[in-house]
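Next comes protein.txt, with compact mmCIF, C-alpha atoms.
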```txt
# COMPACT_ATOMS: atom_id res chain seq x y z
CA MET N 1 -18.23 0.95 38.49
CA SER N 2 -20.24 -1.52 36.39
CA ALA N 3 -21.18 -1.83 32.74
CA ASN N 4 -24.77 -0.80 32.05
CA LYS N 5 -24.94 -1.31 28.27
CA ILE N 6 -23.42 -3.62 25.70
CA PHE N 7 -22.94 -2.45 22.11
CA LEU N 8 -22.33 -4.96 19.31
CA ARG N 9 -20.27 -4.64 16.15
CA TYR N 10 -20.97 -7.35 13.60
CA TYR N 11 -18.15 -6.76 11.08
CA PRO N 12 -15.60 -7.56 12.26
CA PRO N 13 -17.04 -9.13 15.44
CA GLY N 14 -16.62 -7.03 18.55
CA LEU N 15 -18.43 -5.44 21.46
CA ALA N 16 -18.15 -2.45 23.74
CA LEU N 17 -19.14 -2.12 27.39
CA SER N 18 -20.61 1.23 28.42
CA TYR N 19 -19.86 2.40 31.95
CA ARG N 20 -21.44 5.11 34.04
CA SER N 21 -19.20 6.26 36.85
CA THR N 22 -18.48 9.40 38.81
CA LYS N 23 -16.22 10.42 35.95
CA GLY N 24 -19.02 10.11 33.39
CA GLU N 25 -19.72 7.72 30.53
CA ARG N 26 -16.90 5.65 29.09
CA LEU N 27 -16.55 2.69 26.72
CA ARG N 28 -14.34 -0.38 26.83
CA HIS N 29 -13.91 -2.07 23.47
CA PHE N 30 -13.24 -5.76 22.87
CA ASP N 31 -12.24 -6.89 19.38
CA LEU N 32 -13.34 -10.49 18.85
CA LEU N 33 -11.54 -11.01 15.55
CA ASP N 34 -11.15 -14.76 16.12
CA LEU N 35 -14.80 -15.34 16.96
CA ASP N 36 -16.53 -18.00 14.89
CA ALA N 37 -19.54 -20.29 15.18
CA LYS N 38 -17.49 -22.87 17.12
CA THR N 39 -16.20 -20.47 19.81
CA ASN N 40 -17.29 -21.40 23.34
CA ALA N 41 -19.48 -18.41 24.31
CA GLU N 42 -19.34 -19.17 28.04
CA GLN N 43 -15.55 -19.27 28.16
CA LEU N 44 -15.25 -16.07 26.12
CA ALA N 45 -17.82 -14.28 28.30
CA ASP N 46 -15.95 -15.44 31.39
CA ARG N 47 -12.66 -14.06 30.03
CA ILE N 48 -14.20 -10.70 29.15
CA LEU N 49 -15.89 -10.50 32.55
CA PHE N 50 -12.60 -11.27 34.29
CA GLU N 51 -10.88 -8.43 32.40
CA GLU N 52 -13.80 -6.12 33.12
CA LEU N 53 -13.69 -6.87 36.84
CA GLN N 54 -9.93 -6.26 36.95
CA VAL N 55 -10.38 -2.84 35.37
CA SER N 56 -13.32 -2.06 37.64
CA GLU N 57 -11.33 -2.86 40.76
CA ALA N 58 -8.40 -0.80 39.53
CA VAL N 59 -10.35 2.37 38.82
CA ALA N 60 -13.40 2.21 41.10
CA ASP N 61 -13.55 4.61 44.00
CA GLU N 62 -14.91 2.74 47.02
CA GLY N 63 -16.29 5.88 48.49
CA ALA N 64 -18.27 6.64 45.33
CA ALA N 65 -19.36 3.06 44.79
CA CYS N 66 -22.35 3.35 47.11
CA ALA N 67 -23.09 7.03 46.49
CA GLU N 68 -26.64 7.96 45.56
CA SER N 69 -25.30 9.95 42.61
CA ALA N 70 -24.08 6.69 41.06
CA PRO N 71 -26.91 4.19 41.47
CA LEU N 72 -25.45 1.78 38.92
CA CYS N 73 -22.29 1.37 40.97
CA LEU N 74 -22.86 -1.61 43.23
CA SER N 75 -21.96 -2.22 46.87
CA SER N 76 -19.79 -5.21 47.77
CA ASN N 77 -22.90 -7.20 48.79
CA SER N 78 -24.32 -6.98 45.26
CA LYS N 79 -21.14 -7.62 43.27
CA ALA N 80 -21.85 -11.33 42.90
CA SER N 81 -25.33 -10.65 41.53
CA SER N 82 -23.96 -7.99 39.20
CA SER N 83 -21.27 -10.36 37.91
CA HIS N 84 -23.85 -13.06 37.23
CA ASN N 85 -26.11 -10.63 35.36
CA MET N 86 -23.20 -9.30 33.35
CA PHE N 87 -22.04 -12.82 32.52
CA SER N 88 -25.50 -13.70 31.19
CA ALA N 89 -25.69 -10.50 29.16
CA LEU N 90 -22.22 -11.05 27.70
CA LYS N 91 -23.02 -14.65 26.80
CA GLN N 92 -26.20 -13.56 25.03
CA ALA N 93 -24.32 -10.82 23.16
CA ILE N 94 -21.64 -13.25 21.99
CA GLU N 95 -24.25 -15.75 20.89
CA LYS N 96 -25.95 -12.99 18.92
CA LEU N 97 -22.66 -12.25 17.14
CA GLN N 98 -22.26 -15.96 16.42
CA ALA N 99 -25.80 -16.14 15.04
CA LYS N 100 -24.91 -13.33 12.65
CA LEU N 101 -21.87 -15.30 11.48
CA ARG N 102 -24.08 -18.34 10.87
CA GLU N 103 -26.57 -16.45 8.69
CA PRO N 104 -26.80 -17.75 5.12
CA ILE N 105 -24.31 -16.10 2.78
CA LYS N 106 -26.03 -14.02 0.14
CA LYS N 107 -24.61 -15.37 -3.11
CA LYS N 108 -27.08 -13.95 -5.63
CA PHE N 109 -27.78 -10.29 -6.25
CA TYR N 110 -30.26 -8.66 -8.60
CA LEU N 111 -30.19 -5.25 -10.24
CA HIS N 112 -32.06 -2.83 -7.98
CA LYS N 113 -31.35 0.55 -9.57
CA CYS N 114 -29.28 1.92 -12.43
CA TYR N 115 -28.27 5.54 -11.99
CA ASN N 116 -27.47 7.51 -15.14
CA SER N 117 -27.40 10.98 -13.60
CA HIS N 118 -23.77 11.62 -14.57
CA ILE N 119 -22.89 12.78 -18.07
CA LEU N 120 -19.31 11.48 -18.05
CA PRO N 121 -17.59 8.31 -16.75
CA LEU N 122 -17.61 7.54 -13.03
CA THR N 123 -14.46 7.31 -10.93
CA ASN N 124 -15.06 5.98 -7.40
CA VAL N 125 -18.10 5.11 -5.28
CA CYS N 126 -18.93 4.24 -1.67
CA PHE N 127 -21.86 3.48 0.65
CA ASP N 128 -22.63 5.18 3.93
CA ARG N 129 -22.73 3.00 7.06
CA SER N 130 -26.46 2.27 6.75
CA GLY N 131 -26.33 1.44 3.04
CA GLU N 132 -29.16 3.90 2.43
CA ARG N 133 -26.97 6.41 0.59
CA CYS N 134 -24.06 6.18 -1.80
CA LEU N 135 -21.58 8.65 -3.26
CA THR N 136 -20.50 8.69 -6.89
CA GLY N 137 -17.58 10.69 -8.27
CA SER N 138 -17.28 11.51 -11.94
CA TYR N 139 -15.31 13.09 -14.73
CA ASP N 140 -18.23 15.55 -15.04
CA ARG N 141 -16.73 17.42 -12.05
CA THR N 142 -19.52 16.51 -9.62
CA CYS N 143 -20.25 14.12 -6.80
CA HIS N 144 -23.80 12.81 -6.42
CA VAL N 145 -25.42 11.76 -3.14
CA ILE N 146 -27.96 9.07 -4.05
CA ASN N 147 -30.70 7.40 -2.02
CA THR N 148 -30.14 3.72 -2.80
CA SER N 149 -33.72 2.74 -1.96
CA THR N 150 -35.64 5.29 -4.00
CA GLY N 151 -33.02 5.87 -6.68
CA LEU N 152 -33.34 9.64 -6.25
CA VAL N 153 -30.33 11.95 -6.34
CA GLN N 154 -30.49 13.76 -3.01
CA HIS N 155 -27.71 16.23 -3.70
CA VAL N 156 -25.40 17.19 -6.57
CA LEU N 157 -22.15 18.48 -5.10
CA ASN N 158 -21.02 21.20 -7.50
CA GLY N 159 -17.92 23.31 -7.05
CA HIS N 160 -14.90 21.42 -8.34
CA ASP N 161 -13.28 22.61 -11.57
CA ASN N 162 -12.07 19.20 -12.70
CA VAL N 163 -12.64 15.46 -12.25
CA VAL N 164 -13.96 14.35 -8.83
CA PHE N 165 -11.81 11.28 -8.23
CA SER N 166 -12.04 10.51 -4.51
CA VAL N 167 -15.28 10.37 -2.46
CA ALA N 168 -15.81 9.35 1.17
CA PHE N 169 -18.10 9.73 4.19
CA ASN N 170 -16.87 10.34 7.74
CA THR N 171 -17.72 6.81 8.84
CA PRO N 172 -19.50 5.85 11.07
CA ARG N 173 -21.41 9.12 11.59
CA CYS N 174 -21.70 9.81 7.86
CA ASP N 175 -22.88 13.40 8.30
CA LYS N 176 -19.97 14.80 6.30
CA ILE N 177 -18.50 14.08 2.87
CA ILE N 178 -15.03 14.70 1.51
CA THR N 179 -14.19 14.86 -2.20
CA GLY N 180 -10.77 15.01 -3.86
CA SER N 181 -10.42 16.49 -7.32
CA PHE N 182 -8.04 16.85 -10.21
CA ASP N 183 -8.42 20.63 -9.69
CA GLY N 184 -5.88 20.27 -6.84
CA THR N 185 -8.35 20.76 -3.99
CA ALA N 186 -10.43 18.71 -1.59
CA LYS N 187 -13.81 19.87 -0.31
CA ILE N 188 -15.83 19.00 2.79
CA TRP N 189 -19.62 18.97 2.44
CA SER N 190 -22.66 18.58 4.65
CA ALA N 191 -24.25 15.22 3.87
CA ALA N 192 -27.65 16.54 5.00
CA THR N 193 -27.77 19.71 2.89
CA GLY N 194 -25.15 19.17 0.19
CA GLN N 195 -23.58 22.54 1.06
CA CYS N 196 -19.81 22.97 0.82
CA GLN N 197 -18.42 23.65 4.29
CA SER N 198 -14.77 24.21 3.38
CA THR N 199 -12.23 23.93 0.58
CA LEU N 200 -8.76 22.57 1.29
CA TYR N 201 -6.05 24.35 -0.69
CA GLY N 202 -2.32 23.64 -0.91
CA HIS N 203 -1.74 20.90 -3.45
CA THR N 204 -0.34 21.92 -6.82
CA ALA N 205 -1.61 18.93 -8.81
CA GLU N 206 -4.45 16.41 -8.84
CA VAL N 207 -5.82 15.19 -5.48
CA VAL N 208 -6.44 11.45 -5.88
CA ALA N 209 -7.20 10.40 -2.30
CA ALA N 210 -8.90 12.05 0.68
CA GLU N 211 -10.32 10.65 3.90
CA PHE N 212 -11.42 11.64 7.40
CA ASN N 213 -9.52 10.57 10.50
CA PRO N 214 -11.53 7.50 11.65
CA ALA N 215 -10.94 8.26 15.34
CA HIS N 216 -12.64 11.65 15.04
CA ASP N 217 -13.71 14.15 12.39
CA GLN N 218 -11.27 16.86 13.35
CA ASP N 219 -8.74 16.30 10.57
CA VAL N 220 -8.52 14.86 7.06
CA ALA N 221 -5.67 13.52 4.93
CA THR N 222 -5.14 14.04 1.22
CA ALA N 223 -2.74 12.56 -1.36
CA SER N 224 -1.71 14.21 -4.59
CA ILE N 225 0.14 13.77 -7.82
CA ASP N 226 2.31 16.71 -6.66
CA GLY N 227 4.28 14.16 -4.60
CA LYS N 228 2.91 15.19 -1.21
CA ALA N 229 0.31 14.17 1.32
CA ARG N 230 -1.24 16.77 3.57
CA ILE N 231 -3.29 16.83 6.76
CA PHE N 232 -5.90 19.57 7.24
CA ASP N 233 -8.11 20.72 10.08
CA ALA N 234 -11.61 19.74 8.96
CA GLU N 235 -13.28 22.74 10.64
CA THR N 236 -10.90 25.59 9.80
CA ALA N 237 -9.43 24.13 6.56
CA GLN N 238 -6.00 25.06 7.89
CA GLU N 239 -3.12 22.87 6.76
CA LEU N 240 -1.67 21.05 9.78
CA GLN N 241 1.06 18.97 8.17
CA GLN N 242 2.79 18.64 4.81
CA LEU N 243 4.24 15.18 4.26
CA GLY N 244 6.83 15.52 1.53
CA HIS N 245 9.20 12.58 1.96
CA HIS N 246 8.19 10.80 -1.25
CA GLY N 247 10.07 11.35 -4.50
CA ALA N 248 7.12 10.91 -6.88
CA GLU N 249 3.33 10.99 -7.07
CA VAL N 250 1.48 10.03 -3.87
CA ILE N 251 -1.62 7.98 -4.67
CA VAL N 252 -2.78 6.75 -1.25
CA ALA N 253 -3.24 8.32 2.20
CA ARG N 254 -4.90 6.11 4.83
CA TYR N 255 -5.20 6.56 8.58
CA SER N 256 -4.63 3.73 11.02
CA ARG N 257 -7.68 2.76 13.04
CA ASP N 258 -6.72 4.99 16.01
CA GLY N 259 -5.84 7.89 13.72
CA GLN N 260 -2.33 8.25 15.12
CA LEU N 261 -0.53 6.92 12.04
CA LEU N 262 -0.92 7.72 8.36
CA LEU N 263 0.04 5.32 5.55
CA THR N 264 1.02 6.78 2.18
CA GLY N 265 1.84 4.98 -1.06
CA SER N 266 3.74 6.44 -3.97
CA PHE N 267 4.93 5.95 -7.51
CA ASP N 268 8.46 6.19 -6.04
CA ARG N 269 8.05 2.44 -5.30
CA THR N 270 7.71 2.91 -1.55
CA ALA N 271 5.09 3.29 1.14
CA ALA N 272 5.66 5.43 4.22
CA ILE N 273 4.26 5.48 7.76
CA TRP N 274 3.86 8.87 9.42
CA ASP N 275 3.27 9.71 13.08
CA THR N 276 0.55 12.37 13.01
CA ARG N 277 1.43 13.49 16.55
CA SER N 278 5.16 14.06 16.06
CA LYS N 279 4.69 15.04 12.39
CA SER N 280 7.52 12.74 11.36
CA CYS N 281 8.10 9.83 8.98
CA CYS N 282 8.44 6.71 11.13
CA HIS N 283 9.44 4.27 8.43
CA GLN N 284 9.60 3.81 4.67
CA LEU N 285 8.66 0.42 3.24
CA ARG N 286 11.14 -0.52 0.53
CA GLY N 287 11.30 -3.60 -1.66
CA HIS N 288 9.05 -3.02 -4.66
CA THR N 289 10.76 -2.40 -7.99
CA ALA N 290 7.95 -0.47 -9.66
CA GLU N 291 5.18 1.99 -8.81
CA LEU N 292 2.71 1.12 -6.06
CA SER N 293 -0.93 0.63 -7.06
CA ASN N 294 -2.40 0.57 -3.55
CA CYS N 295 -1.57 0.08 0.12
CA VAL N 296 -3.92 -0.71 3.01
CA TRP N 297 -4.01 -1.40 6.75
CA ASN N 298 -5.72 -4.43 8.22
CA PHE N 299 -8.44 -3.73 10.81
CA SER N 300 -6.14 -3.78 13.84
CA SER N 301 -3.47 -1.74 12.00
CA SER N 302 -0.91 -4.44 12.81
CA LEU N 303 -0.35 -5.38 9.16
CA ILE N 304 0.06 -3.44 5.92
CA ALA N 305 -0.39 -4.77 2.40
CA THR N 306 1.16 -3.10 -0.64
CA GLY N 307 0.46 -3.86 -4.29
CA SER N 308 2.74 -2.86 -7.13
CA LEU N 309 3.09 -2.77 -10.87
CA ASP N 310 6.16 -5.02 -10.35
CA ARG N 311 3.64 -7.94 -10.32
CA THR N 312 3.96 -8.51 -6.58
CA ALA N 313 2.15 -7.72 -3.36
CA ARG N 314 3.88 -7.58 0.00
CA ILE N 315 2.59 -7.92 3.56
CA TRP N 316 4.38 -6.02 6.31
CA ASP N 317 4.28 -6.41 10.09
CA VAL N 318 4.36 -2.96 11.71
CA ARG N 319 6.55 -4.35 14.50
CA ARG N 320 9.26 -5.32 12.00
CA LEU N 321 9.33 -3.13 8.92
CA ASP N 322 12.88 -3.65 7.71
CA GLN N 323 11.66 -6.56 5.56
CA GLU N 324 8.30 -7.77 4.31
CA LEU N 325 6.54 -10.49 6.29
CA HIS N 326 5.18 -12.25 3.19
CA LEU N 327 5.69 -11.88 -0.56
CA VAL N 328 2.98 -12.56 -3.15
CA SER N 329 4.72 -13.23 -6.45
CA THR N 330 2.38 -15.55 -8.33
CA HIS N 331 0.65 -12.96 -10.55
CA SER N 332 1.96 -12.82 -14.12
CA ASP N 333 1.16 -9.13 -14.61
CA GLU N 334 0.77 -5.91 -12.64
CA VAL N 335 -0.99 -6.10 -9.26
CA LEU N 336 -3.70 -3.43 -9.41
CA ASP N 337 -5.39 -3.72 -6.03
CA VAL N 338 -5.04 -5.27 -2.56
CA SER N 339 -7.68 -5.62 0.15
CA PHE N 340 -7.92 -7.22 3.60
CA ASP N 341 -11.12 -8.83 4.82
CA ALA N 342 -12.92 -7.21 7.78
CA ALA N 343 -11.16 -9.30 10.43
CA GLY N 344 -7.73 -9.04 8.80
CA LYS N 345 -7.37 -12.81 8.38
CA GLN N 346 -7.31 -12.84 4.57
CA LEU N 347 -5.85 -10.75 1.78
CA ALA N 348 -7.14 -10.42 -1.76
CA THR N 349 -5.07 -9.31 -4.74
CA SER N 350 -6.18 -8.41 -8.26
CA SER N 351 -4.11 -8.10 -11.38
CA SER N 352 -3.81 -7.18 -15.03
CA ASP N 353 -3.42 -10.93 -15.62
CA CYS N 354 -7.27 -11.11 -15.42
CA THR N 355 -7.28 -12.94 -12.09
CA ALA N 356 -7.80 -12.31 -8.40
CA ARG N 357 -6.39 -14.41 -5.58
CA VAL N 358 -7.20 -14.86 -1.90
CA TRP N 359 -4.49 -15.53 0.66
CA SER N 360 -4.73 -16.86 4.21
CA LEU N 361 -2.39 -14.99 6.53
CA GLU N 362 -2.00 -17.62 9.29
CA PRO N 363 -0.56 -19.79 7.93
CA PHE N 364 0.38 -17.82 4.82
CA GLU N 365 -0.88 -19.68 1.78
CA MET N 366 -3.00 -19.11 -1.30
CA LEU N 367 -6.58 -20.17 -0.60
CA SER N 368 -8.12 -19.64 -4.02
CA LEU N 369 -7.63 -18.41 -7.56
CA MET N 370 -10.43 -16.45 -9.24
CA ALA N 371 -10.09 -16.97 -13.00
CA GLY N 372 -12.86 -15.97 -15.40
CA HIS N 373 -12.50 -12.31 -16.28
CA SER N 374 -11.36 -11.63 -19.84
CA ASP N 375 -9.59 -8.35 -19.03
CA GLU N 376 -7.69 -6.81 -16.13
CA VAL N 377 -9.27 -6.83 -12.67
CA ASN N 378 -9.29 -3.24 -11.41
CA LYS N 379 -10.73 -3.59 -7.92
CA VAL N 380 -11.33 -6.28 -5.34
CA CYS N 381 -13.17 -6.27 -2.01
CA PHE N 382 -14.49 -8.81 0.49
CA SER N 383 -18.05 -9.13 1.71
CA PRO N 384 -18.36 -8.06 5.39
CA SER N 385 -18.32 -11.69 6.51
CA GLY N 386 -15.25 -12.45 4.37
CA CYS N 387 -16.93 -15.40 2.66
CA MET N 388 -17.43 -13.70 -0.71
CA LEU N 389 -15.14 -11.70 -2.96
CA LEU N 390 -16.28 -8.96 -5.34
CA THR N 391 -14.18 -8.03 -8.38
CA ALA N 392 -14.55 -5.21 -10.92
CA SER N 393 -13.01 -5.63 -14.34
CA ALA N 394 -12.23 -3.89 -17.60
CA ASP N 395 -14.25 -6.63 -19.33
CA ASN N 396 -17.41 -4.59 -18.44
CA THR N 397 -18.48 -6.98 -15.64
CA ALA N 398 -18.22 -7.45 -11.91
CA ARG N 399 -18.13 -10.93 -10.43
CA LEU N 400 -18.89 -12.59 -7.11
CA TRP N 401 -16.72 -15.47 -5.95
CA LEU N 402 -16.60 -17.87 -3.03
CA ALA N 403 -13.48 -16.74 -1.19
CA GLU N 404 -12.56 -20.20 0.08
CA THR N 405 -12.82 -22.08 -3.21
CA GLY N 406 -12.53 -19.47 -5.96
CA GLN N 407 -15.77 -20.64 -7.54
CA CYS N 408 -17.63 -17.91 -9.44
CA SER N 409 -21.03 -17.43 -7.82
CA GLN N 410 -22.42 -14.74 -10.13
CA VAL N 411 -21.51 -12.46 -13.03
CA LEU N 412 -22.99 -8.97 -12.72
CA THR N 413 -23.60 -7.89 -16.31
CA GLY N 414 -25.18 -4.83 -17.89
CA HIS N 415 -22.43 -2.23 -17.92
CA GLU N 416 -21.37 -1.16 -21.41
CA SER N 417 -17.82 -0.16 -20.52
CA GLU N 418 -15.05 -0.86 -18.00
CA VAL N 419 -16.16 -1.34 -14.40
CA PHE N 420 -13.76 0.85 -12.50
CA SER N 421 -14.99 0.67 -8.90
CA CYS N 422 -17.11 -1.56 -6.65
CA ALA N 423 -18.20 -1.71 -3.03
CA TYR N 424 -20.18 -3.80 -0.53
CA SER N 425 -22.58 -2.20 1.96
CA TYR N 426 -21.69 -2.63 5.63
CA ALA N 427 -24.50 -5.16 6.10
CA GLY N 428 -23.44 -7.07 2.97
CA ASP N 429 -26.93 -6.92 1.45
CA ALA N 430 -26.12 -4.49 -1.37
CA ILE N 431 -23.38 -3.95 -3.94
CA LEU N 432 -22.29 -0.90 -5.92
CA THR N 433 -20.62 -1.04 -9.33
CA ALA N 434 -19.42 2.05 -11.20
CA SER N 435 -18.43 2.17 -14.83
CA LYS N 436 -16.97 4.31 -17.55
CA ASP N 437 -20.36 3.97 -19.27
CA ASN N 438 -21.45 6.92 -17.05
CA THR N 439 -23.65 4.73 -14.82
CA CYS N 440 -23.68 3.34 -11.31
CA ARG N 441 -25.67 0.21 -10.48
CA VAL N 442 -26.99 -0.97 -7.12
CA TRP N 443 -27.52 -4.70 -6.71
CA ARG N 444 -29.53 -6.27 -3.88
```
Could the structure of this file be written out as structure tokens, please?
Amino acid sequence: MSANKIFLRYYPPGLALSYRSTKGERLRHFDLLDLDAKTNAEQLADRILFEELQVSEAVADEGAACAESAPLCLSSNSKASSSHNMFSALKQAIEKLQAKLREPIKKKFYLHKCYNSHILPLTNVCFDRSGERCLTGSYDRTCHVINTSTGLVQHVLNGHDNVVFSVAFNTPRCDKIITGSFDGTAKIWSAATGQCQSTLYGHTAEVVAAEFNPAHDQDVATASIDGKARIFDAETAQELQQLGHHGAEVIVARYSRDGQLLLTGSFDRTAAIWDTRSKSCCHQLRGHTAELSNCVWNFSSSLIATGSLDRTARIWDVRRLDQELHLVSTHSDEVLDVSFDAAGKQLATSSSDCTARVWSLEPFEMLSLMAGHSDEVNKVCFSPSGCMLLTASADNTARLWLAETGQCSQVLTGHESEVFSCAYSYAGDAILTASKDNTCRVWR
């Protein structure tokens, strides 16, 4: 067995080796979260090759190695040549990832399009993986699928009877859309046609979060003001699990990267981790003294960050959940949002105290303070490279900051009311801002 293709992931850095064997195609993933411009590409390629050879020797069938039905599987006489070729290919792939990390950081954006297709304030927005489409939810009970290049509305998703609050693609395929509404339902739509494929019933109050399982598209999770989270089969719309351990409104439901765990956050001051296989609550994260505003996984799902109206944020290690790993207590008002960077090395917090802050996780320390907004900072997110921070504020602006220094790089002006949501495209070359002025703006 030998790798015949190498796939790259730029954010966060990683690669996958594609194998063709008698058992069919398979992928081996390598997360290179510590990769930077100074990493020795030869040493890293050598380490990956060593691991690859170990796996190959463990699973290869010697009898099938030389079979005509598996021409890419090499005989013992050609293993040295194969290893050399693979080493060269790995080294080139790593150097390509490093070149991406060395690309100039885009610090200035210009208004590309302003969409005013909604007749009431917007709620949440997101890009698809390519950045060519975006979703906008609104109080006008619709979700719009917009082509970000042409500015045309491709589809208007009609069917909800109340505010569309949550919108999301099934990343990375992005051929399906899920919306969560104050009408108590979630709906799954075809991204290509805009047709509703199924409606998910069961909640008795507003649905404020909904997302696809990132490991596959077979199930979705929803969170509701009725105090429950639920998991549904995406094809049949059948309810698979009802997660009712919380004692108040559930505002967040997020899958871990492998889809085996679900993180929920609640106004009961706790977050909970659920095992989707055993349908049980694994652990409840206690410590906050007021309602949670958000909770998120880092990329590897080894850390969790929670933000609360008690003016603190907490970082939890999933291997030791009886007590928080780190406490952020420097904000002077409610913490409204928390966000990890793509590699999980930094955490950003935003607050009603009109500031955002960036924290290094190893060692744990505050890297920068973003002060400049004149009203509360609703949302915060990193650029894909982690070098820039984007904030959305009730002062009608969004701002770009240098994550390392806290220096304001740009103020995105033009909205006439509170900027409620913001997002970076996967490539980092476009930004979305959504406002209560009924408009969404794309910046490039």
Legend entry - Selection near stretch 29-40 of chain N, 6 Å with only C-alpha atoms, sequence-local residues under 2 positions removed, as number ranges by chain: N: 13-16, 42-43, 98, 343
Inset, instruction - Enumerate, as a ChimeraX atom specification, the protein, DNA and RNA residues whose atoms approach (-24.2, -14.4, 19.6) to within 10 Å, taking into account only C-alpha atoms and the coordinate frame of the file. - result: /N:8,10,13,35-37,41,90-102
Inset, instruction - List the neighbours of N:Lys345 out to 7 Å using only C-alpha atoms; skip same-chain residues closer than 3 positions along the sequence, and give me the result as a PyMOL selection string. - result: chain N and resi 341+360-361
Legend entry - Who sits within 6 Å of stretch 104-111 of chain N, only C-alpha atoms, same chain under 2 positions skipped, as an MDAnalysis selection string: chainID N and resid 113 443:444
Only C-alpha atoms, please: the residues just picked out, written as a short mmCIF file (atom, residue, chain, number, x, y, z; two decimals), in the coordinates of the input.
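Result saved to result.cif:
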```
data_model
loop_
_atom_site.label_atom_id
_atom_site.label_comp_id
_atom_site.auth_asym_id
_atom_site.auth_seq_id
_atom_site.Cartn_x
_atom_site.Cartn_y
_atom_site.Cartn_z
CA LYS N 113 -31.35 0.55 -9.57
CA TRP N 443 -27.52 -4.70 -6.71
CA ARG N 444 -29.53 -6.27 -3.88
#
```
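The nearest approach to N:Ala434 among the residues N:Gly406, N:Pro121, N:Gly180, N:Gly386, with all atoms listed in the file taken into account, belongs to N:Pro121.
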Inset, instruction - Work out how far atom CA of N:His415 is from atom CA of N:Ile146, in Å to one decimal. - result: 18.7 Å
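Atom pair atom CA of N:Ala205 / atom CA of N:Val250: separated by 10.6 Å.
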Per-residue nearest contacts of stretch 155-261 of chain N to stretch 288-295 of chain N (9 Å; all atoms listed in the file) as CSV:
```
residue,atom,partner,partner_atom,distance
N:Ile251,CA,N:Asn294,CA,7.5
N:Val252,CA,N:Asn294,CA,6.6
N:Ala253,CA,N:Cys295,CA,8.7
N:Arg254,CA,N:Cys295,CA,8.3
```
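We find atom CA of N:Cys422 and atom CA of N:Cys134 to be spaced 11.5 Å apart.
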Go through stretch 147-256 of chain N residue by residue and, counting all atoms listed in the file, keep those with an atom at most 9 Å from stretch 264-285 of chain N; for each kept residue give the shortest atom pair and its distance in Å to one decimal, ordered by chain and increasing number, as CSV.
```
residue,atom,partner,partner_atom,distance
N:Ala223,CA,N:Thr264,CA,7.8
N:Gly227,CA,N:Ser266,CA,7.8
N:Ala229,CA,N:Thr264,CA,7.5
N:Ile231,CA,N:Thr276,CA,8.6
N:Gln241,CA,N:Lys279,CA,6.8
N:Gln242,CA,N:Lys279,CA,8.6
N:Leu243,CA,N:Cys281,CA,8.1
N:His245,CA,N:Cys281,CA,7.6
N:His246,CA,N:Asp268,CA,6.7
N:Gly247,CA,N:Asp268,CA,5.6
N:Ala248,CA,N:Asp268,CA,5.0
N:Glu249,CA,N:Phe267,CA,5.3
N:Val250,CA,N:Ser266,CA,4.2
N:Ile251,CA,N:Ser266,CA,5.6
N:Val252,CA,N:Gly265,CA,5.0
N:Ala253,CA,N:Thr264,CA,4.5
N:Arg254,CA,N:Thr264,CA,6.5
N:Tyr255,CA,N:Thr264,CA,8.9
```
Legend entry - Option closest in space to N:Pro384, from N:Arg9, N:Ser83, N:Trp297, N:Val338 [counting only C-alpha atoms]: N:Arg9
Inset, instruction - Find the residues with any atom within 9 Å of (-18.7, -8.4, -2.8); use all atoms listed in the file and the coordinates as given in the file, and write the answer as a PyMOL selection string. - result: chain N and resi 380-384+386+388-391+399-401+422-425+428+430-432
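Shortest atom-to-atom contact with N:Ser329 among N:Glu25, N:Thr349, N:Asp140, N:Trp316: N:Thr349, counting all atoms listed in the file.
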Legend entry - Distance query N:Val419 at most 12 Å, all atoms listed in the file, self and fewer than 5 positions along chain excluded, as an NGL selection string: :N and (121-125 or 373 or 375-380 or 390-399 or 412-414 or 432-441)
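The closest residue to N:Arg133, picked from N:Val145, N:Val358, N:Ala45, N:Ile178 and counting all atoms listed in the file, is N:Val145.
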